[in-house]
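Peer 1: Got a structure for you, final.cif, holding mmCIF, C-alpha atoms.
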```cif
data_model
#
loop_
_atom_site.label_atom_id
_atom_site.label_comp_id
_atom_site.auth_asym_id
_atom_site.auth_seq_id
_atom_site.Cartn_x
_atom_site.Cartn_y
_atom_site.Cartn_z
CA MET A 1 9.15 15.61 -6.95
CA ASP A 2 7.63 13.22 -4.41
CA ILE A 3 4.07 13.77 -5.53
CA VAL A 4 4.95 12.85 -9.14
CA LEU A 5 6.64 9.65 -7.96
CA ARG A 6 3.73 8.80 -5.67
CA ALA A 7 1.25 9.31 -8.52
CA LEU A 8 3.44 7.10 -10.76
CA VAL A 9 3.60 4.31 -8.17
CA ALA A 10 -0.16 4.58 -7.50
CA TYR A 11 -0.97 4.37 -11.21
CA VAL A 12 1.25 1.33 -11.79
CA PHE A 13 -0.03 -0.39 -8.64
CA VAL A 14 -3.72 0.14 -9.42
CA LEU A 15 -3.14 -1.08 -12.98
CA PHE A 16 -1.40 -4.16 -11.57
CA LEU A 17 -4.19 -4.70 -9.02
CA MET A 18 -6.94 -4.42 -11.62
CA ARG A 19 -5.21 -6.97 -13.84
CA VAL A 20 -4.63 -9.36 -10.97
CA VAL A 21 -8.12 -9.23 -9.43
CA GLY A 22 -9.67 -10.01 -12.79
CA ARG A 23 -11.98 -8.37 -15.23
CA ARG A 24 -15.32 -9.21 -13.71
CA GLU A 25 -14.67 -6.64 -10.98
CA LEU A 26 -14.15 -3.91 -13.57
CA SER A 27 -17.65 -3.83 -14.96
CA SER A 28 -19.91 -5.67 -12.58
CA MET A 29 -21.37 -3.82 -9.63
CA GLU A 30 -21.86 -6.48 -7.01
CA PRO A 31 -21.50 -5.13 -3.44
CA SER A 32 -17.91 -6.38 -3.10
CA ASP A 33 -16.95 -4.80 -6.44
CA VAL A 34 -18.39 -1.43 -5.40
CA ILE A 35 -16.36 -1.59 -2.19
CA LEU A 36 -13.20 -2.43 -4.14
CA LEU A 37 -13.53 0.41 -6.63
CA VAL A 38 -14.73 3.11 -4.22
CA VAL A 39 -12.24 2.28 -1.47
CA ILE A 40 -9.29 2.07 -3.86
CA GLY A 41 -10.11 5.55 -5.19
CA ASP A 42 -10.12 7.03 -1.72
CA LEU A 43 -7.00 5.22 -0.52
CA VAL A 44 -5.03 6.16 -3.62
CA GLN A 45 -5.95 9.81 -3.23
CA ASN A 46 -4.65 9.82 0.36
CA GLY A 47 -1.42 8.14 -0.62
CA VAL A 48 -0.74 10.39 -3.60
CA THR A 49 -1.55 13.84 -2.24
CA GLN A 50 -1.07 13.09 1.49
CA SER A 51 -1.29 16.47 3.25
CA ASP A 52 -0.75 18.54 0.12
CA TYR A 53 -3.81 20.74 -0.49
CA SER A 54 -2.17 23.03 -3.04
CA VAL A 55 -3.29 23.71 -6.60
CA THR A 56 0.28 22.89 -7.70
CA GLY A 57 -0.18 19.49 -6.06
CA ILE A 58 -3.39 18.89 -8.04
CA VAL A 59 -1.68 19.89 -11.28
CA LEU A 60 1.28 17.58 -10.63
CA ALA A 61 -0.73 14.56 -9.48
CA ALA A 62 -3.53 14.82 -12.06
CA GLY A 63 -1.01 15.70 -14.78
CA THR A 64 1.08 12.63 -13.98
CA ILE A 65 -1.95 10.31 -14.04
CA GLY A 66 -3.15 11.89 -17.29
CA LEU A 67 0.25 11.57 -18.92
CA LEU A 68 0.59 7.95 -17.81
CA ALA A 69 -2.86 7.14 -19.21
CA THR A 70 -1.85 8.69 -22.55
CA LEU A 71 1.45 6.83 -22.50
CA THR A 72 -0.34 3.55 -21.72
CA ALA A 73 -2.78 4.15 -24.59
CA PHE A 74 0.12 4.85 -26.98
CA VAL A 75 2.13 1.81 -25.90
CA THR A 76 -0.88 -0.52 -26.13
CA PHE A 77 -1.75 0.91 -29.55
CA ARG A 78 1.80 0.56 -30.85
CA TRP A 79 2.75 -2.87 -29.47
CA SER A 80 0.09 -5.60 -29.37
CA ARG A 81 2.11 -7.85 -27.06
CA ILE A 82 2.22 -5.11 -24.44
CA ARG A 83 -1.50 -4.48 -25.03
CA ASN A 84 -2.19 -8.13 -24.20
CA VAL A 85 -0.24 -7.79 -20.96
CA ILE A 86 -1.76 -4.48 -19.86
CA GLU A 87 -5.32 -4.87 -21.09
CA GLY A 88 -5.65 -8.63 -21.47
CA GLU A 89 -7.48 -10.37 -24.29
CA PRO A 90 -11.13 -11.32 -24.87
CA VAL A 91 -12.25 -14.71 -23.59
CA ILE A 92 -14.99 -16.74 -25.28
CA LEU A 93 -17.53 -17.91 -22.67
CA VAL A 94 -20.31 -19.38 -24.80
CA GLU A 95 -20.04 -20.94 -28.24
CA ASP A 96 -23.16 -21.97 -30.10
CA GLY A 97 -25.27 -22.25 -26.94
CA LYS A 98 -22.61 -24.24 -25.07
CA LEU A 99 -20.95 -22.88 -21.97
CA ILE A 100 -17.14 -23.14 -21.91
CA GLU A 101 -16.77 -24.14 -18.29
CA ARG A 102 -13.00 -23.80 -18.08
CA ASN A 103 -13.04 -20.17 -19.20
CA MET A 104 -15.98 -19.36 -16.91
CA LYS A 105 -14.01 -20.80 -14.00
CA HIS A 106 -10.85 -18.86 -14.85
CA GLU A 107 -12.79 -15.61 -14.93
CA ARG A 108 -14.91 -16.55 -11.88
CA LEU A 109 -18.12 -15.94 -13.81
CA THR A 110 -21.43 -17.72 -13.28
CA LEU A 111 -24.10 -18.71 -15.77
CA ASP A 112 -26.44 -16.23 -14.06
CA GLU A 113 -24.11 -13.34 -14.92
CA VAL A 114 -23.86 -14.39 -18.57
CA MET A 115 -27.62 -14.85 -18.85
CA GLU A 116 -28.24 -11.48 -17.23
CA GLN A 117 -26.20 -9.84 -19.97
CA ALA A 118 -27.91 -11.96 -22.62
CA ARG A 119 -31.32 -10.77 -21.44
CA LEU A 120 -30.24 -7.15 -21.05
CA GLN A 121 -28.46 -6.84 -24.39
CA GLN A 122 -30.37 -9.09 -26.73
CA GLY A 123 -33.55 -10.13 -24.92
CA VAL A 124 -32.35 -13.73 -25.12
CA GLU A 125 -34.31 -16.16 -22.93
CA SER A 126 -32.25 -19.32 -23.27
CA LEU A 127 -28.56 -20.13 -23.42
CA HIS A 128 -29.29 -22.16 -26.56
CA ASP A 129 -30.14 -18.90 -28.35
CA VAL A 130 -26.70 -17.43 -27.60
CA ARG A 131 -24.28 -17.80 -30.48
CA TRP A 132 -21.31 -16.14 -28.81
CA ALA A 133 -20.73 -14.67 -25.37
CA VAL A 134 -17.37 -12.97 -25.03
CA LEU A 135 -15.79 -11.44 -21.94
CA GLU A 136 -14.23 -8.27 -23.34
CA THR A 137 -11.06 -6.60 -22.04
CA SER A 138 -13.20 -3.86 -20.46
CA GLY A 139 -14.85 -6.48 -18.24
CA SER A 140 -18.21 -6.34 -20.02
CA ILE A 141 -19.80 -9.42 -21.61
CA SER A 142 -20.86 -9.02 -25.22
CA ILE A 143 -23.61 -11.28 -26.54
CA VAL A 144 -24.24 -12.34 -30.13
CA LYS A 145 -27.54 -14.19 -30.50
CA LYS A 146 -28.31 -16.86 -33.07
CA GLU A 147 -29.98 -15.74 -36.30
CA MET B 1 -20.26 -24.32 -36.31
CA ALA B 2 -20.91 -20.60 -36.16
CA GLY B 3 -18.29 -18.28 -37.70
CA VAL B 4 -16.03 -16.71 -35.10
CA PRO B 5 -16.41 -12.94 -34.61
CA ASP B 6 -13.70 -10.88 -36.32
CA THR B 7 -10.36 -10.53 -34.48
CA LEU B 8 -11.16 -13.55 -32.28
CA THR B 9 -9.70 -17.01 -32.82
CA LEU B 10 -10.91 -20.24 -31.26
CA ARG B 11 -7.36 -21.34 -30.53
CA ARG B 12 -6.42 -18.25 -28.55
CA HIS B 13 -9.72 -16.91 -27.19
CA ARG B 14 -11.66 -20.12 -26.56
CA ASP B 15 -8.97 -22.75 -25.99
CA MET B 16 -6.59 -20.21 -24.41
CA LYS B 17 -3.61 -21.59 -26.32
CA GLY B 18 -0.56 -19.40 -25.79
CA ARG B 19 -2.22 -17.76 -22.81
CA GLU B 20 -1.55 -20.40 -20.18
CA SER B 21 1.40 -18.38 -18.90
CA TRP B 22 -0.91 -15.49 -17.99
CA ILE B 23 -3.21 -17.79 -16.03
CA GLN B 24 -0.19 -19.07 -14.08
CA GLY B 25 1.28 -15.57 -13.93
CA ARG B 26 -1.90 -14.17 -12.37
CA ARG B 27 -1.75 -16.80 -9.64
CA ILE B 28 1.88 -15.91 -8.93
CA LEU B 29 1.06 -12.19 -8.81
CA LEU B 30 -1.83 -12.88 -6.45
CA ALA B 31 0.53 -14.89 -4.24
CA LEU B 32 2.98 -11.98 -4.34
CA LEU B 33 0.23 -9.60 -3.29
CA CYS B 34 -0.69 -11.96 -0.43
CA ALA B 35 2.98 -12.04 0.65
CA VAL B 36 3.09 -8.23 0.82
CA LEU B 37 -0.13 -8.14 2.85
CA LEU B 38 1.19 -10.86 5.17
CA ALA B 39 4.38 -8.83 5.67
CA GLY B 40 2.13 -5.90 6.60
CA LEU B 41 0.34 -8.05 9.19
CA LEU B 42 3.71 -9.12 10.60
CA ASN B 43 4.67 -5.48 11.24
CA VAL B 44 7.31 -5.29 8.50
CA PHE B 45 5.94 -1.88 7.45
CA GLY B 46 5.20 -0.64 11.01
CA GLN B 47 3.62 0.79 13.16
CA ARG B 48 3.51 -1.57 16.15
CA PRO B 49 5.88 -0.31 18.90
CA ASP B 50 8.96 -2.27 19.90
CA SER B 51 10.60 -2.17 23.29
CA SER B 52 14.36 -1.69 23.59
CA SER B 53 16.17 -1.34 26.87
CA ALA B 54 19.57 -1.00 28.47
CA ALA B 55 20.76 -1.24 32.05
CA ALA B 56 23.80 0.09 33.88
CA PRO B 57 24.73 -0.04 37.59
CA ARG B 58 23.37 3.49 38.11
CA ALA B 59 20.15 3.32 36.05
CA SER B 60 18.06 1.51 33.49
CA LEU B 61 16.28 2.91 30.47
CA SER B 62 13.66 1.49 28.16
CA VAL B 63 12.24 2.98 24.99
CA TYR B 64 8.86 1.89 23.70
CA ALA B 65 8.35 3.16 20.16
CA PRO B 66 8.00 1.76 16.64
CA THR B 67 11.13 0.91 14.65
CA HIS B 68 9.22 0.66 11.36
CA LEU B 69 6.84 3.37 10.23
CA ARG B 70 5.16 4.87 7.20
CA SER B 71 5.21 8.51 6.25
CA GLY B 72 2.41 10.57 7.75
CA LEU B 73 1.78 8.36 10.80
CA VAL B 74 1.18 9.81 14.25
CA TYR B 75 2.59 7.94 17.23
CA ALA B 76 3.98 8.32 20.74
CA ALA B 77 7.37 7.25 22.08
CA ARG B 78 7.74 6.35 25.73
CA PHE B 79 11.04 6.65 27.63
CA HIS B 80 11.20 5.00 31.04
CA ILE B 81 14.16 5.88 33.27
CA THR B 82 14.66 4.02 36.56
CA ALA B 83 17.37 5.42 38.80
CA ARG B 84 19.21 2.84 40.89
CA ASP B 85 21.58 5.45 42.20
CA ASP B 86 21.16 9.18 42.67
CA ILE B 87 21.26 11.02 39.33
CA LYS B 88 22.01 14.66 40.04
CA ASP B 89 21.13 16.05 36.64
CA ALA B 90 19.33 13.51 34.42
CA PHE B 91 19.47 14.16 30.69
CA LEU B 92 17.94 12.19 27.85
CA VAL B 93 20.07 12.83 24.77
CA LEU B 94 18.35 11.94 21.50
CA ASP B 95 19.85 11.54 18.04
CA PRO B 96 18.70 14.05 15.40
CA GLY B 97 16.74 11.14 13.83
CA TRP B 98 14.11 11.75 16.53
CA ALA B 99 13.34 15.20 15.10
CA GLU B 100 14.50 15.40 11.50
CA GLY B 101 11.55 14.96 9.17
CA TYR B 102 9.16 14.84 12.12
CA THR B 103 6.59 17.12 13.65
CA VAL B 104 6.93 17.02 17.41
CA ASN B 105 3.34 17.45 18.58
CA GLY B 106 4.20 17.59 22.24
CA VAL B 107 6.23 16.21 25.12
CA ALA B 108 5.13 15.28 28.61
CA PRO B 109 6.21 15.98 31.26
CA GLN B 110 7.81 19.22 30.11
CA PRO B 111 11.61 18.92 30.57
CA VAL B 112 13.37 21.41 32.81
CA THR B 113 15.86 22.23 30.08
CA GLU B 114 16.09 21.63 26.34
CA ALA B 115 19.41 22.10 24.60
CA ASP B 116 21.67 21.06 21.77
CA ARG B 117 24.49 18.66 22.56
CA ASN B 118 26.82 18.28 19.57
CA GLY B 119 23.92 18.13 17.15
CA ARG B 120 21.80 15.96 19.42
CA ILE B 121 18.76 17.03 21.42
CA ALA B 122 19.20 17.03 25.19
CA TYR B 123 16.18 17.06 27.47
CA GLY B 124 17.09 17.80 31.10
CA PHE B 125 14.93 16.56 33.98
CA GLY B 126 17.01 17.67 36.95
CA HIS B 127 17.53 15.53 40.04
CA LEU B 128 16.33 11.93 39.99
CA PRO B 129 16.70 10.26 43.40
CA ALA B 130 17.72 6.60 43.70
CA GLY B 131 14.79 4.20 43.32
CA GLN B 132 12.62 6.66 41.45
CA SER B 133 11.29 6.39 37.93
CA LEU B 134 10.60 8.93 35.26
CA ILE B 135 8.35 8.29 32.30
CA PHE B 136 8.67 10.74 29.43
CA PHE B 137 6.38 10.78 26.38
CA MET B 138 6.99 12.34 22.98
CA SER B 139 4.08 12.67 20.59
CA LEU B 140 5.40 12.59 17.02
CA GLN B 141 4.20 12.66 13.46
CA VAL B 142 6.31 11.48 10.54
CA ASN B 143 6.39 14.13 7.83
CA PRO B 144 5.16 12.82 4.45
CA THR B 145 8.55 13.47 2.83
CA ASN B 146 10.50 11.66 5.55
CA VAL B 147 11.52 8.35 4.00
CA GLY B 148 14.51 6.11 4.71
CA ARG B 149 16.51 4.75 7.60
CA ARG B 150 17.77 6.91 10.44
CA SER B 151 19.62 6.44 13.69
CA GLN B 152 17.52 7.01 16.81
CA ASN B 153 20.01 6.33 19.59
CA VAL B 154 19.00 7.38 23.08
CA GLU B 155 21.57 8.23 25.74
CA LEU B 156 20.98 8.75 29.44
CA ASP B 157 23.45 11.19 31.01
CA ASP B 158 24.13 12.55 34.45
CA GLY B 159 25.09 16.09 33.55
CA GLU B 160 27.50 15.47 30.70
CA THR B 161 28.57 12.01 31.88
CA PRO B 162 26.98 9.19 29.87
CA ILE B 163 25.37 6.45 31.97
CA LEU B 164 24.03 4.21 29.21
CA THR B 165 23.01 4.22 25.54
CA ILE B 166 20.28 2.42 23.60
CA HIS B 167 21.20 1.91 19.96
CA ARG B 168 18.21 1.81 17.67
CA LYS B 169 17.30 2.67 14.10
CA ILE B 170 14.04 3.57 12.47
CA THR B 171 12.93 2.64 8.96
CA ILE B 172 10.31 4.84 7.37
CA PHE B 173 8.45 3.52 4.33
CA PRO B 174 6.97 5.91 1.76
#
```
Mind turning this structure into structure tokens?
Peer 2:
Amino acid sequence: MDIVLRALVAYVFVLFLMRVVGRRELSSMEPSDVILLVVIGDLVQNGVTQSDYSVTGIVLAAGTIGLLATLTAFVTFRWSRIRNVIEGEPVILVEDGKLIERNMKHERLTLDEVMEQARLQQGVESLHDVRWAVLETSGSISIVKKE
Amino acid sequence: MAGVPDTLTLRRHRDMKGRESWIQGRRILLALLCAVLLAGLLNVFGQRPDSSSAAAPRASLSVYAPTHLRSGLVYAARFHITARDDIKDAFLVLDPGWAEGYTVNGVAPQPVTEADRNGRIAYGFGHLPAGQSLIFFMSLQVNPTNVGRRSQNVELDDGETPILTIHRKITIFP
């Protein structure tokens, strides 16, 4: 029973942590973000399985995480308010070539990061050529360039 | 002005109207996380050892061991007996909370006798002359399923006569 409860607590806590630390850490791979994601994975594994090396333990822990992921997907699909809480909502960062400073600050994003995505996705050279830049719920920045 | 991409609205996704509570909420949750981490630094969740002691005319006893732990941790408990008077047959009598849900990795020095005393564990060390000290170590590991609060009283006896008792409890976090 314990391993199911530990997996449940770990899932809820990591979900909470990911929402609190912000979305930029989810998709970007700066050194500190790599540390966060890799270390969390290792720590969570230790806390969930502890000294249980059994196949039954794997089935229970992985099954619990899988079931919770399915349940989360169902709940977020069914109720949009809960989706906003669990997954967050997109944030507009650039509108018609103009940076929206307040939103950039809230998401701790820099112009360099936005422009990197603009170059990578659309080959855009200048911010003026960006029609929309949106921070998506996955943590990635989508770029729509001007016609 | 350029048309907004489908499913996005300027009011909610650019101006963040109706989403201010989340911005505040995230700050509160971050503060909560900081509070938990601070509590960890302040030993609320273990495993820094605490010292507890008791003295009687015939002897004194101190126990140096954590009172807050987390499941799975390995640690050592130190028991220091100082005889002020001759103790003919010194016994350390430990509550079951010292063994239940634990793995006892080892004890040093090896007691002369080891017995049950009404559900408690009695380690006998034989004669302890006045003025002498005995330091006894127990190396323990908390079993992963051992969670909760338990009594870990320690009694020093001469034979079956109690000399003194240290009352302590241990809290084990999951």
Peer 1: Closest to chain B among A:Ile92, A:Val55, A:Ile143, A:Val48, using all atoms listed in the file?
Peer 2: A:Ile92
Peer 1: Which residues match the PyMOL selection byres ((chain B) within 7 of (chain A)) in the file above, as a PyMOL selection string?
Peer 2: chain B and resi 2+13-14+26+29-30+144
Peer 1: Pick the closest to Asp85 of chain B from B:Pro174, B:Pro111, B:Gly106, B:Pro129: which is it, counting only C-alpha atoms?
Peer 2: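 Residue with the minimum atom-to-atom distance to Asp85 of chain B: B:Pro129.
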Peer 1: Find the spatial neighbours of segment 67-82 of chain B, counting all atoms listed in the file, within a cut-off of 9 Å - ignore same-chain residues fewer than 2 positions away - and output them as a PyMOL selection string.
Peer 2: (chain A and resi 50-51) or (chain B and resi 43-50+58-65+84+92+128+130-147+156+168-174)
Peer 1: Identify which of the residues A:Ser142, A:Ser80, A:Thr64, A:Thr70 lies closest to Glu116 of chain A, counting all atoms listed in the file when measuring atom-to-atom distances.
Peer 2: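 Residue with the minimum atom-to-atom distance to Glu116 of chain A: A:Ser142.
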Peer 1: How many Å lie between atom CA of Met16 of chain B and atom CA of Glu113 of chain A, rounded to one decimal?
Peer 2: 21.1 Å
Peer 1: Work out how far apart atom CA of Gly139 of chain A and atom CA of Leu37 of chain B are and give it in Å to one decimal.
Peer 2: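 So the two atoms, atom CA of Gly139 of chain A and atom CA of Leu37 of chain B, lie 25.8 Å apart.
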Peer 1: Excluding Ala115 of chain B and any residue of its chain fewer than 6 positions from it, enumerate the residues within 12 Å of it, using all atoms listed in the file, and give them as a PyMOL selection string.
Peer 2: chain B and resi 91-94+121-125
Peer 1: Could you name the residues that touch Ala7 of chain A at 12 Å or less, counting only C-alpha atoms, but leaving out those on the same chain fewer than 5 positions away, as number ranges by chain?
Peer 2: A: 1-2, 12-14, 44-50, 57-69
Peer 1: Taking all listed atoms of segment 50-69 of chain A, build the axis-aligned box, pad each of the six sides by 3 Å, then write its centre and edge lengths in Å to one decimal as lines of an AutoDock Vina configuration file.
Peer 2:
```
center_x = -1.3
center_y = 15.4
center_z = -8.0
size_x = 11.1
size_y = 22.6
size_z = 28.5
```
Peer 1: Rounded to one decimal in Å, what is the spacing between atom CA of Ser151 of chain B and atom CA of Val4 of chain A?
Peer 2: 27.9 Å
Peer 1: Could you write out as a list in words the residues that the PyMOL selection byres ((chain B and resi 98) around 9) matches in the shown file?
Peer 2: Leu94, Asp95, Pro96, Gly97, Ala99, Glu100, Gly101, Tyr102, Val104, Ile121, Leu140, Arg150, Ser151, Gln152 and Asn153 of chain B
Peer 1: Expand the PyMOL selection byres ((chain A and resi 119) around 12) into the individual residues it matches in the shown file, reporting them as a list in words.
Peer 2: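 Those residues are Asp112, Glu113, Val114, Met115, Glu116, Gln117, Ala118, Leu120, Gln121, Gln122, Gly123, Val124, Glu125, Ser126, Leu127, Asp129, Val130, Ala133, Ile141, Ser142, Ile143, Val144 and Lys145 of chain A.
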